[in-house]
Amino acid sequence: MTTLFIRCAVAVALVLSAGGVRADGGRDTSWPAVTAECRPWTRWWWLGSAVDKRNLTAELEAIAAAGFGGVEITPIYGAKGAEERFLPFLSPEYVAALEFTCAEAARLGLGVDMATGTGWPFGGPHVGPDDAELRIAGKEGRFDPQPTRFKVKRSAPGGEGFVVNPFSPAAARRYLEPFTEALSPLPRGAIHGQFHDSFEYQANWSPEVPKAFREMHGYDLDSQRRALEGDGDAETVARVKSDYRATLAKLHLDYLKVWVDWCHSLGCEAREQAHGAPANLIDLYALADVPETEVFGASRFAIPGYRRDERQIGKNLPQPLVTRLASSAAHLARRPRASSETFTWMREHFCEAPSQMKPEIDQLFLAGINHVFYHGTAYSPADAAWPGWLFYASTQANPRNPLWREFGAVNAYVARAQSLLQSGEPDNDVLVYWPIHDLYHSSRGWQRAFSMHGRDWLTESPTGLLAQSLLDAGLSFDLCSDALLTEASRYRAVVVPPCRLVPHDTLRTLLDHAEAGGIVIFVGGVPEDVPGLGRLQERRAALAAELARLHWPEQDRGPRRAEIGMGRVVVVADAAGVAMHAGARIEPVATRGLGCLRRKTADGHLYFLANLGAEPFDGWVPLGTSLKSAVLMDARNGHSGVAATRGTDRPEVRLQVDPGESIFIRTFGARQADGEPWRYAEPDGEAVPLVGRWSVTPLAGGPELPRAVGIDHLGTWTDQGGEWERFAGTARYEVAFDLPAAPAGDWLLDLGDVREVARVSVNGREIDTLWSVPFRTRLGGAARPGRNTLSIEVTNVAANRIRDLETRGVAWKNFHEINFVDVHYKPFDAADWPLQPSGLLGPVRLVPLTIDE
């Protein structure tokens, strides 16, 4: 294991230096320095908090060597048989282990975050009846708040107990007191950040609700008990419930403010997952130093070679528009980072491949996320038999995973990309108002939660459909709450999607912005009513007064336009009307199949482009910003070079981006970029199949190393039978070949189908690690005329080895609480799995290239 750790460390260093932290340092083609925040972090589950110094050091060294920047400690239930090792949460022994962890992490250049609790959500043994969750259910016009008796899910030893009421700021203060005392021995700053997981509470009431309701809405909720219960005309019921929901939202916001202030008092960052809460998620995210979204499930991509076996995937589908709520909040609140819990249930256990990870990562980057957290890594002592201690909803990013040796290449990609994405400033032109009051206005249910698993409240809503149309048209935007419309002056236009209800003070803010010179665009019409019931006539009159500020000229058709002060208000029908009147820069690449994100830099702009579609992109394209020159930067391999441009009025940049690939463009507005030119390539003849006698030699893995074999035709190594059927690890494929005599500027090595990662060497020189689609690389100067040796080290997933354990009846699933479930939350059983294809499947081809600089 130590040898593999060292190899990981060397690989990470080589990969980063290959195109990243360059010795010349001053060229425009150089990559920024990579900090701990640039690297991906990982959630680190402490099962039973059964940790010790020797194993903590070993795991932290492995995590650092694999290219991670930090860990987030989340204690959970433990492994059966290890009870004597358990450390009660926040006990002196636990805090001593935490202090040792922080010191070791600092030695290794890692950061340490911690969840402010065990499992999820916040709660524990010190949460008494007065601070525990409450829930009401109206009955015959009477309110009868009752304890939910909801306890912390997946709690660690010493963390068991009732969940704290998320609508009680007072309860939050009392909840945090034991943490303040327990963590006091740690040096200030030893803990980098505190973490609040997504809203998974069951409460809908707190003792503070009646007073807060009256102060916000001007009437007693008790007077509308029957309406809150759902009794009465639908409009009145919806208005009362809207007021009730707004009250819960305010109380939860205040609850989180208590936690954020407490984090800061300890010198910690506050990292918050707002999704799931019955509140305006943008406001909740904006409270945090690092707003965090979540990728739960597996997306659908049209990329050729991207695998999506429905048997390995749950029902959840990631929603990029929901992701934008977190990044939008970061932009509005001027936070430099927006993070994501990433790869949660991306595939079934032991079936997750890096080639399936990259499109998800790229989709996050396109949505404005620039700080990836893996979900995640389970602590496991050295004496635990393979596969060690595990968490049931994890991507198993741990040293027992055969792919661990390859995470260095994946993490180097993330680190390079995030070193750029964390630089400069966001540069979105349009601010899209999220009309949450239309969502609050419903006669059904009690609180209105906004979960990652629902599509109706954003993705498939009128706002979501408009937002997606804006993206498809090449317009960049942030989503905005009522409270954060104060930041509108930073955008070229504010867009209000189709909605019926808007608070009068929100409309006043919008019109004041227009009067000061801004552009406000209403899609479908101006809202003409206010939400809620309290002071209804007074607020309707105030809204009417605001509407009276608008003077619409007589016109028969087309967009309505009202001049107001120095700006204007426009009513349009759709996204095309927004594009016409917003004064926003349109990015043509977005209309030609590439995802596009733009940031502003000191001397130009930074673009991130990703091809998540089915067709290659090869051509010239103008950008939405002016430029004198541009640099292309490939974060996967670290290559960079000055781009070819043409034209003067609106220069075009030449791009070559195949499906599955991504590229950065760094533009310079007033000068010529310094550096070597980018090497464009074109096929120059037919592909040459690489055939011959392949030797296949296992290098590392288990449960046993199979015998080496020789093969004439490539295919899954499980076809060799015996130990090869259950082998999880790395095998070297080696073949001798003659470089074709035809002259070529370079040769493209196309490996075809790889299961799952390939380290490629030619004549003993390592040239690339291929872990994502397409599995292709240029040989450069590694190949020579005549005879050559190609060596490819291929690592597979652990699925076949797990299948073997299951078929032999080995008892490895031995955990307390939920134990170990599959992607469908059923007891995990891999005994009936088909053998997973493994190794180099090919076909392997050499493609002659013409190089154009």
# chains A, B, ... in the order shown; residues from 1 in each chain; ligands from 1
$ select_by_dssp --residues "range 688-733 of chain A" --states "strand (DSSP E)" --output "JSON, numbers by chain"
{"A": [688, 689, 694, 695, 696, 697, 698, 699, 700, 701, 702, 709, 710, 711, 728, 729, 730, 731, 732, 733]}
$ write_last_selection --atoms "N, CA and C atoms" --output "PDB file, in the first residue's frame"
ATOM      1  N   VAL A 688      -4.568   3.424 -38.393  1.00  0.00           N
ATOM      2  CA  VAL A 688      -3.847   2.166 -38.531  1.00  0.00           C
ATOM      3  C   VAL A 688      -4.133   1.299 -37.305  1.00  0.00           C
ATOM      4  N   PRO A 689      -4.788   0.151 -37.475  1.00  0.00           N
ATOM      5  CA  PRO A 689      -5.027  -0.722 -36.311  1.00  0.00           C
ATOM      6  C   PRO A 689      -3.699  -1.201 -35.733  1.00  0.00           C
ATOM      7  N   TRP A 694      -0.200  -9.260 -27.442  1.00  0.00           N
ATOM      8  CA  TRP A 694      -0.200  -8.459 -26.224  1.00  0.00           C
ATOM      9  C   TRP A 694       0.145  -9.352 -25.027  1.00  0.00           C
ATOM     10  N   SER A 695       1.065  -8.894 -24.215  1.00  0.00           N
ATOM     11  CA  SER A 695       1.270  -9.536 -22.921  1.00  0.00           C
ATOM     12  C   SER A 695       0.447  -8.765 -21.882  1.00  0.00           C
ATOM     13  N   VAL A 696      -0.250  -9.484 -21.015  1.00  0.00           N
ATOM     14  CA  VAL A 696      -1.084  -8.876 -19.988  1.00  0.00           C
ATOM     15  C   VAL A 696      -0.602  -9.385 -18.638  1.00  0.00           C
ATOM     16  N   THR A 697      -0.045  -8.471 -17.845  1.00  0.00           N
ATOM     17  CA  THR A 697       0.591  -8.842 -16.584  1.00  0.00           C
ATOM     18  C   THR A 697      -0.048  -8.078 -15.432  1.00  0.00           C
ATOM     19  N   PRO A 698      -0.629  -8.779 -14.457  1.00  0.00           N
ATOM     20  CA  PRO A 698      -1.198  -8.066 -13.303  1.00  0.00           C
ATOM     21  C   PRO A 698      -0.087  -7.451 -12.455  1.00  0.00           C
ATOM     22  N   LEU A 699      -0.328  -6.244 -11.978  1.00  0.00           N
ATOM     23  CA  LEU A 699       0.673  -5.522 -11.197  1.00  0.00           C
ATOM     24  C   LEU A 699       0.292  -5.368  -9.728  1.00  0.00           C
ATOM     25  N   ALA A 700      -0.961  -5.045  -9.478  1.00  0.00           N
ATOM     26  CA  ALA A 700      -1.393  -4.799  -8.103  1.00  0.00           C
ATOM     27  C   ALA A 700      -2.888  -5.022  -8.029  1.00  0.00           C
ATOM     28  N   GLY A 701      -3.368  -5.445  -6.872  1.00  0.00           N
ATOM     29  CA  GLY A 701      -4.797  -5.651  -6.691  1.00  0.00           C
ATOM     30  C   GLY A 701      -5.067  -6.955  -5.979  1.00  0.00           C
ATOM     31  N   GLY A 702      -6.299  -7.433  -6.089  1.00  0.00           N
ATOM     32  CA  GLY A 702      -6.660  -8.631  -5.368  1.00  0.00           C
ATOM     33  C   GLY A 702      -7.979  -9.201  -5.842  1.00  0.00           C
ATOM     34  N   VAL A 709      -0.867 -13.476 -18.985  1.00  0.00           N
ATOM     35  CA  VAL A 709      -1.338 -14.144 -20.195  1.00  0.00           C
ATOM     36  C   VAL A 709      -0.849 -13.398 -21.422  1.00  0.00           C
ATOM     37  N   GLY A 710      -0.868 -14.086 -22.537  1.00  0.00           N
ATOM     38  CA  GLY A 710      -0.626 -13.458 -23.820  1.00  0.00           C
ATOM     39  C   GLY A 710      -1.888 -13.577 -24.668  1.00  0.00           C
ATOM     40  N   ILE A 711      -2.258 -12.496 -25.353  1.00  0.00           N
ATOM     41  CA  ILE A 711      -3.492 -12.511 -26.140  1.00  0.00           C
ATOM     42  C   ILE A 711      -3.224 -11.882 -27.508  1.00  0.00           C
ATOM     43  N   ALA A 728      -9.630  -7.257  -9.078  1.00  0.00           N
ATOM     44  CA  ALA A 728      -9.803  -5.804  -9.080  1.00  0.00           C
ATOM     45  C   ALA A 728      -8.439  -5.190  -8.849  1.00  0.00           C
ATOM     46  N   GLY A 729      -7.948  -4.473  -9.835  1.00  0.00           N
ATOM     47  CA  GLY A 729      -6.612  -3.912  -9.707  1.00  0.00           C
ATOM     48  C   GLY A 729      -6.087  -3.413 -11.035  1.00  0.00           C
ATOM     49  N   THR A 730      -4.787  -3.499 -11.182  1.00  0.00           N
ATOM     50  CA  THR A 730      -4.091  -2.941 -12.344  1.00  0.00           C
ATOM     51  C   THR A 730      -3.313  -4.027 -13.065  1.00  0.00           C
ATOM     52  N   ALA A 731      -3.426  -4.036 -14.370  1.00  0.00           N
ATOM     53  CA  ALA A 731      -2.655  -4.950 -15.210  1.00  0.00           C
ATOM     54  C   ALA A 731      -1.991  -4.157 -16.331  1.00  0.00           C
ATOM     55  N   ARG A 732      -0.780  -4.604 -16.678  1.00  0.00           N
ATOM     56  CA  ARG A 732      -0.049  -3.939 -17.760  1.00  0.00           C
ATOM     57  C   ARG A 732      -0.253  -4.698 -19.070  1.00  0.00           C
ATOM     58  N   TYR A 733      -0.700  -3.954 -20.100  1.00  0.00           N
ATOM     59  CA  TYR A 733      -0.782  -4.473 -21.466  1.00  0.00           C
ATOM     60  C   TYR A 733       0.442  -3.966 -22.222  1.00  0.00           C
TER      61      TYR A 733
END
$ residues_around --residues "Asp383 in chain A" --least-positions-apart "5" --cutoff "12 Å" --atoms "only C-alpha atoms" --output "list in words"
Arg54, Asn55, Ala82, Gly388 and Trp389 of chain A
$ residues_around --residues "range 513-529 of chain A" --least-positions-apart "4" --cutoff "10 Å" --atoms "only C-alpha atoms" --output "tab-separated table (two decimals) with C-alpha atoms, in the first residue's frame"
chain	number	residue	atom	x	y	z
A	430	VAL	CA	-28.48	39.06	-16.38
A	431	LEU	CA	-30.05	38.81	-12.93
A	432	VAL	CA	-33.10	36.53	-12.94
A	433	TYR	CA	-35.54	37.09	-10.09
A	462	PRO	CA	-41.82	28.90	-15.83
A	463	THR	CA	-38.68	30.37	-14.23
A	466	LEU	CA	-37.00	30.64	-19.15
A	485	LEU	CA	-32.04	42.66	-5.63
A	486	THR	CA	-29.95	45.35	-3.97
A	487	GLU	CA	-27.08	43.92	-6.06
A	488	ALA	CA	-28.88	44.60	-9.36
A	489	SER	CA	-26.58	47.45	-10.36
A	490	ARG	CA	-23.81	44.90	-11.00
A	491	TYR	CA	-25.82	43.41	-13.89
A	492	ARG	CA	-26.86	44.69	-17.30
A	493	ALA	CA	-30.50	43.73	-16.84
A	494	VAL	CA	-32.90	42.28	-14.28
A	495	VAL	CA	-35.39	39.76	-15.61
A	496	VAL	CA	-38.64	38.90	-13.85
A	497	PRO	CA	-40.04	35.57	-15.11
A	498	PRO	CA	-43.79	35.02	-15.52
A	499	CYS	CA	-45.36	35.34	-12.07
A	500	ARG	CA	-48.55	36.54	-10.47
A	501	LEU	CA	-47.39	37.81	-7.06
A	502	VAL	CA	-44.68	40.19	-5.95
A	503	PRO	CA	-44.27	42.17	-2.71
A	504	HIS	CA	-44.77	45.88	-3.23
A	507	LEU	CA	-41.49	46.06	-7.16
A	508	ARG	CA	-40.29	49.35	-5.68
A	509	THR	CA	-36.70	48.05	-5.65
A	536	LEU	CA	-53.72	42.99	2.18
A	539	ARG	CA	-50.17	46.40	0.43
A	540	ARG	CA	-52.31	46.24	-2.69
A	541	ALA	CA	-52.62	50.01	-2.61
A	543	LEU	CA	-48.36	47.99	-5.23
A	544	ALA	CA	-50.81	50.04	-7.29
A	547	LEU	CA	-47.41	50.38	-10.91
A	549	ARG	CA	-44.97	54.98	-11.92
A	559	PRO	CA	-42.79	44.43	-26.51
A	560	ARG	CA	-44.20	47.11	-24.24
A	561	ARG	CA	-41.62	49.62	-23.10
A	562	ALA	CA	-41.83	52.31	-20.44
A	563	GLU	CA	-39.13	54.91	-19.88
A	564	ILE	CA	-38.59	55.61	-16.17
A	565	GLY	CA	-35.94	58.03	-15.01
A	566	MET	CA	-32.64	57.13	-16.62
A	567	GLY	CA	-33.62	53.54	-17.42
A	568	ARG	CA	-36.46	51.52	-18.83
A	569	VAL	CA	-38.93	48.77	-18.11
A	570	VAL	CA	-39.81	46.33	-20.87
A	571	VAL	CA	-42.43	43.60	-21.11
A	572	VAL	CA	-41.50	40.77	-23.49
A	573	ALA	CA	-42.97	37.41	-24.38
A	574	ASP	CA	-40.02	35.06	-24.05
A	575	ALA	CA	-36.26	34.52	-23.89
A	577	GLY	CA	-37.31	39.21	-26.16
A	578	VAL	CA	-34.94	39.17	-23.20
A	581	HIS	CA	-33.61	44.13	-24.83
A	582	ALA	CA	-31.21	43.11	-22.04
A	583	GLY	CA	-28.09	44.63	-23.56
$ select_by_dssp --residues "range 499-698 of chain A" --states "helix (DSSP H, G or I)" --output "short mmCIF file (atom, residue, chain, number, x, y, z; two decimals) with N, CA and C atoms, in the first residue's frame"
data_model
loop_
_atom_site.label_atom_id
_atom_site.label_comp_id
_atom_site.auth_asym_id
_atom_site.auth_seq_id
_atom_site.Cartn_x
_atom_site.Cartn_y
_atom_site.Cartn_z
N HIS A 504 -44.84 44.51 -2.70
CA HIS A 504 -44.77 45.88 -3.23
C HIS A 504 -43.38 46.47 -3.06
N ASP A 505 -42.69 46.11 -1.96
CA ASP A 505 -41.36 46.67 -1.79
C ASP A 505 -40.36 46.05 -2.78
N THR A 506 -40.61 44.83 -3.23
CA THR A 506 -39.77 44.25 -4.29
C THR A 506 -39.97 44.99 -5.60
N LEU A 507 -41.24 45.29 -5.94
CA LEU A 507 -41.49 46.06 -7.16
C LEU A 507 -40.87 47.45 -7.06
N ARG A 508 -40.92 48.04 -5.86
CA ARG A 508 -40.29 49.35 -5.68
C ARG A 508 -38.79 49.25 -5.94
N THR A 509 -38.14 48.22 -5.43
CA THR A 509 -36.70 48.05 -5.65
C THR A 509 -36.41 47.91 -7.14
N LEU A 510 -37.21 47.17 -7.85
CA LEU A 510 -37.01 46.99 -9.28
C LEU A 510 -37.17 48.30 -10.04
N LEU A 511 -38.21 49.05 -9.72
CA LEU A 511 -38.45 50.31 -10.43
C LEU A 511 -37.42 51.36 -10.05
N ASP A 512 -37.00 51.37 -8.79
CA ASP A 512 -35.93 52.28 -8.40
C ASP A 512 -34.65 51.98 -9.18
N HIS A 513 -34.39 50.69 -9.37
CA HIS A 513 -33.21 50.31 -10.15
C HIS A 513 -33.33 50.82 -11.58
N ALA A 514 -34.51 50.69 -12.19
CA ALA A 514 -34.71 51.21 -13.54
C ALA A 514 -34.57 52.71 -13.57
N GLU A 515 -35.13 53.38 -12.60
CA GLU A 515 -35.09 54.84 -12.56
C GLU A 515 -33.65 55.35 -12.48
N LEU A 536 -53.60 43.24 3.61
CA LEU A 536 -53.72 42.99 2.18
C LEU A 536 -54.10 44.24 1.41
N GLN A 537 -55.13 44.96 1.86
CA GLN A 537 -55.56 46.14 1.12
C GLN A 537 -54.49 47.22 1.12
N GLU A 538 -53.85 47.38 2.26
CA GLU A 538 -52.77 48.38 2.36
C GLU A 538 -51.64 48.05 1.39
N ARG A 539 -51.27 46.80 1.32
CA ARG A 539 -50.17 46.40 0.43
C ARG A 539 -50.59 46.43 -1.03
N ARG A 540 -51.85 46.13 -1.30
CA ARG A 540 -52.31 46.24 -2.69
C ARG A 540 -52.30 47.69 -3.15
N ALA A 541 -52.66 48.58 -2.26
CA ALA A 541 -52.62 50.01 -2.61
C ALA A 541 -51.18 50.45 -2.86
N ALA A 542 -50.24 49.94 -2.04
CA ALA A 542 -48.84 50.30 -2.24
C ALA A 542 -48.33 49.76 -3.57
N LEU A 543 -48.77 48.55 -3.95
CA LEU A 543 -48.36 47.99 -5.23
C LEU A 543 -48.93 48.82 -6.37
N ALA A 544 -50.19 49.22 -6.24
CA ALA A 544 -50.81 50.04 -7.29
C ALA A 544 -50.07 51.35 -7.47
N ALA A 545 -49.61 51.92 -6.35
CA ALA A 545 -48.85 53.18 -6.43
C ALA A 545 -47.54 52.97 -7.20
N GLU A 546 -46.91 51.81 -6.99
CA GLU A 546 -45.68 51.54 -7.74
C GLU A 546 -45.98 51.34 -9.22
N LEU A 547 -47.05 50.61 -9.50
CA LEU A 547 -47.41 50.38 -10.91
C LEU A 547 -47.73 51.69 -11.62
N ALA A 575 -37.71 34.34 -24.00
CA ALA A 575 -36.26 34.52 -23.89
C ALA A 575 -35.70 35.32 -25.06
N ALA A 576 -36.30 35.16 -26.23
CA ALA A 576 -35.82 35.93 -27.38
C ALA A 576 -35.99 37.42 -27.13
N GLY A 577 -37.11 37.80 -26.51
CA GLY A 577 -37.31 39.21 -26.16
C GLY A 577 -36.31 39.67 -25.13
N VAL A 578 -35.97 38.81 -24.19
CA VAL A 578 -34.94 39.17 -23.20
C VAL A 578 -33.62 39.44 -23.91
N ALA A 579 -33.23 38.54 -24.80
CA ALA A 579 -31.97 38.71 -25.52
C ALA A 579 -31.95 40.01 -26.32
N MET A 580 -33.10 40.41 -26.84
CA MET A 580 -33.17 41.62 -27.66
C MET A 580 -33.01 42.89 -26.82
N HIS A 581 -33.52 42.88 -25.59
CA HIS A 581 -33.61 44.13 -24.83
C HIS A 581 -32.67 44.21 -23.61
N PRO A 588 -21.81 33.01 -28.76
CA PRO A 588 -22.21 32.13 -29.86
C PRO A 588 -21.86 30.66 -29.64
N VAL A 589 -20.82 30.38 -28.85
CA VAL A 589 -20.44 28.97 -28.65
C VAL A 589 -21.58 28.19 -28.01
N ALA A 590 -22.40 28.87 -27.18
CA ALA A 590 -23.49 28.19 -26.49
C ALA A 590 -24.57 27.74 -27.47
N THR A 591 -24.66 28.39 -28.61
CA THR A 591 -25.65 28.00 -29.61
C THR A 591 -25.09 26.95 -30.58
N ARG A 592 -23.85 26.57 -30.37
CA ARG A 592 -23.21 25.60 -31.27
C ARG A 592 -22.78 24.34 -30.53
#
$ residues_around --residues "Asp289 in chain A" --least-positions-apart "5" --cutoff "7 Å" --atoms "only C-alpha atoms" --output "VMD selection string"
chain A and resid 269 to 271 335
$ residues_around --residues "Glu682 in chain A" --least-positions-apart "3" --cutoff "12 Å" --atoms "only C-alpha atoms" --output "NGL selection string"
:A and (618-619 or 656 or 679 or 685-686 or 744-748 or 778 or 847-853)
$ write_last_selection --atoms "all heavy atoms" --output "compact mmCIF listing (two decimals), in the first residue's frame"
# COMPACT_ATOMS: atom_id res chain seq x y z
N ASP A 618 -15.18 21.74 -34.20
CA ASP A 618 -13.91 22.09 -34.84
C ASP A 618 -14.17 23.26 -35.77
O ASP A 618 -14.78 23.10 -36.83
CB ASP A 618 -13.35 20.89 -35.61
CG ASP A 618 -11.94 21.15 -36.14
OD1 ASP A 618 -11.48 22.31 -36.08
OD2 ASP A 618 -11.30 20.19 -36.61
N GLY A 619 -13.76 24.45 -35.34
CA GLY A 619 -14.01 25.61 -36.18
C GLY A 619 -13.67 26.90 -35.49
O GLY A 619 -13.09 26.93 -34.40
N GLN A 656 -11.01 23.28 -31.05
CA GLN A 656 -11.24 21.86 -31.33
C GLN A 656 -11.59 21.18 -30.01
O GLN A 656 -10.74 21.04 -29.13
CB GLN A 656 -9.99 21.21 -31.93
CG GLN A 656 -9.62 21.73 -33.32
CD GLN A 656 -8.35 21.09 -33.84
OE1 GLN A 656 -7.38 20.91 -33.12
NE2 GLN A 656 -8.35 20.74 -35.13
N ARG A 679 -1.10 23.78 -30.36
CA ARG A 679 -0.87 22.82 -31.44
C ARG A 679 -2.21 22.20 -31.86
O ARG A 679 -2.72 21.28 -31.21
CB ARG A 679 0.11 21.74 -30.99
CG ARG A 679 1.53 22.28 -30.78
CD ARG A 679 2.42 21.26 -30.09
NE ARG A 679 2.54 20.02 -30.84
CZ ARG A 679 3.38 19.79 -31.85
NH1 ARG A 679 4.19 20.77 -32.25
NH2 ARG A 679 3.44 18.62 -32.45
N GLY A 685 -4.88 11.01 -42.93
CA GLY A 685 -4.83 9.66 -43.46
C GLY A 685 -5.68 8.71 -42.64
O GLY A 685 -6.29 9.08 -41.63
N GLU A 686 -5.72 7.46 -43.08
CA GLU A 686 -6.52 6.45 -42.41
C GLU A 686 -5.88 5.99 -41.11
O GLU A 686 -4.65 5.97 -40.98
CB GLU A 686 -6.71 5.25 -43.34
CG GLU A 686 -7.50 5.55 -44.60
CD GLU A 686 -8.93 5.92 -44.29
OE1 GLU A 686 -9.52 5.30 -43.38
OE2 GLU A 686 -9.46 6.84 -44.96
N ALA A 744 4.26 11.92 -40.65
CA ALA A 744 3.13 12.54 -39.95
C ALA A 744 3.68 13.56 -38.96
O ALA A 744 4.76 13.38 -38.39
CB ALA A 744 2.30 11.49 -39.20
N GLY A 745 2.93 14.63 -38.77
CA GLY A 745 3.35 15.65 -37.81
C GLY A 745 3.31 15.12 -36.39
O GLY A 745 4.08 15.53 -35.53
N ASP A 746 2.40 14.20 -36.15
CA ASP A 746 2.30 13.52 -34.85
C ASP A 746 1.38 12.32 -35.07
O ASP A 746 0.79 12.15 -36.15
CB ASP A 746 1.74 14.45 -33.78
CG ASP A 746 2.07 13.99 -32.36
OD1 ASP A 746 2.50 12.83 -32.18
OD2 ASP A 746 1.87 14.79 -31.42
N TRP A 747 1.26 11.50 -34.04
CA TRP A 747 0.37 10.34 -34.10
C TRP A 747 -0.59 10.40 -32.92
O TRP A 747 -0.19 10.68 -31.79
CB TRP A 747 1.16 9.04 -34.06
CG TRP A 747 1.95 8.81 -35.31
CD1 TRP A 747 3.23 9.21 -35.56
CD2 TRP A 747 1.49 8.15 -36.48
NE1 TRP A 747 3.61 8.84 -36.81
CE2 TRP A 747 2.58 8.18 -37.41
CE3 TRP A 747 0.30 7.53 -36.85
CZ2 TRP A 747 2.47 7.60 -38.67
CZ3 TRP A 747 0.19 6.95 -38.11
CH2 TRP A 747 1.27 7.00 -39.02
N LEU A 748 -1.85 10.15 -33.21
CA LEU A 748 -2.86 10.06 -32.17
C LEU A 748 -3.08 8.60 -31.81
O LEU A 748 -3.39 7.78 -32.67
CB LEU A 748 -4.19 10.67 -32.63
CG LEU A 748 -5.33 10.66 -31.61
CD1 LEU A 748 -5.08 11.69 -30.53
CD2 LEU A 748 -6.67 10.93 -32.29
N ARG A 778 -1.90 12.12 -27.86
CA ARG A 778 -0.87 12.21 -28.89
C ARG A 778 0.44 11.61 -28.37
O ARG A 778 0.78 11.76 -27.19
CB ARG A 778 -0.64 13.66 -29.30
CG ARG A 778 -1.88 14.33 -29.88
CD ARG A 778 -1.56 15.74 -30.35
NE ARG A 778 -2.77 16.55 -30.45
CZ ARG A 778 -2.78 17.84 -30.74
NH1 ARG A 778 -1.64 18.47 -30.97
NH2 ARG A 778 -3.93 18.50 -30.81
N VAL A 847 -3.56 7.15 -35.44
CA VAL A 847 -4.10 8.05 -36.45
C VAL A 847 -3.03 9.08 -36.79
O VAL A 847 -2.57 9.82 -35.91
CB VAL A 847 -5.37 8.77 -35.94
CG1 VAL A 847 -5.92 9.69 -37.03
CG2 VAL A 847 -6.41 7.75 -35.50
N PRO A 848 -2.59 9.15 -38.07
CA PRO A 848 -1.60 10.17 -38.44
C PRO A 848 -2.23 11.57 -38.38
O PRO A 848 -3.40 11.76 -38.74
CB PRO A 848 -1.21 9.79 -39.87
CG PRO A 848 -2.40 9.04 -40.39
CD PRO A 848 -2.99 8.32 -39.21
N LEU A 849 -1.45 12.53 -37.92
CA LEU A 849 -1.94 13.89 -37.73
C LEU A 849 -1.07 14.89 -38.47
O LEU A 849 0.15 14.71 -38.59
CB LEU A 849 -1.94 14.26 -36.25
CG LEU A 849 -2.79 13.42 -35.29
CD1 LEU A 849 -2.56 13.88 -33.85
CD2 LEU A 849 -4.26 13.50 -35.66
N THR A 850 -1.72 15.94 -38.94
CA THR A 850 -1.03 17.14 -39.39
C THR A 850 -1.14 18.17 -38.28
O THR A 850 -2.23 18.40 -37.75
CB THR A 850 -1.66 17.70 -40.67
OG1 THR A 850 -1.50 16.75 -41.72
CG2 THR A 850 -1.00 19.02 -41.06
N ILE A 851 -0.04 18.77 -37.88
CA ILE A 851 -0.03 19.75 -36.79
C ILE A 851 -0.02 21.15 -37.38
O ILE A 851 0.79 21.47 -38.26
CB ILE A 851 1.18 19.55 -35.87
CG1 ILE A 851 1.15 18.14 -35.28
CG2 ILE A 851 1.18 20.59 -34.77
CD1 ILE A 851 -0.08 17.83 -34.47
N ASP A 852 -0.94 21.96 -36.91
CA ASP A 852 -1.06 23.35 -37.37
C ASP A 852 -0.91 24.26 -36.17
O ASP A 852 -1.70 24.20 -35.22
CB ASP A 852 -2.42 23.56 -38.04
CG ASP A 852 -2.59 24.97 -38.56
OD1 ASP A 852 -1.61 25.73 -38.52
OD2 ASP A 852 -3.71 25.30 -39.00
N GLU A 853 0.08 25.10 -36.19
CA GLU A 853 0.28 26.06 -35.10
C GLU A 853 -0.09 27.46 -35.54
O GLU A 853 0.14 28.41 -34.82
CB GLU A 853 1.74 26.00 -34.63
CG GLU A 853 2.12 24.63 -34.09
CD GLU A 853 3.55 24.58 -33.61
OE1 GLU A 853 4.29 25.56 -33.84
OE2 GLU A 853 3.95 23.58 -33.00
$ closest_residue --among "A:Gly604, A:Gly69, A:Gly558, A:Pro402" --to "Ala670 in chain A" --atoms "only C-alpha atoms"
A:Gly604
$ residues_around --residues "range 163-172 of chain A" --least-positions-apart "2" --cutoff "8 Å" --atoms "only C-alpha atoms" --output "MDAnalysis selection string"
chainID A and resid 121:124 127 130:134 149:152 161 174:176 201 203:209 248 251:252 254:256 258:259
$ residues_around --residues "Pro387 in chain A" --least-positions-apart "4" --cutoff "9 Å" --atoms "only C-alpha atoms" --output "list in words"
Arg400, Asn401, Ile802 and Trp812 of chain A
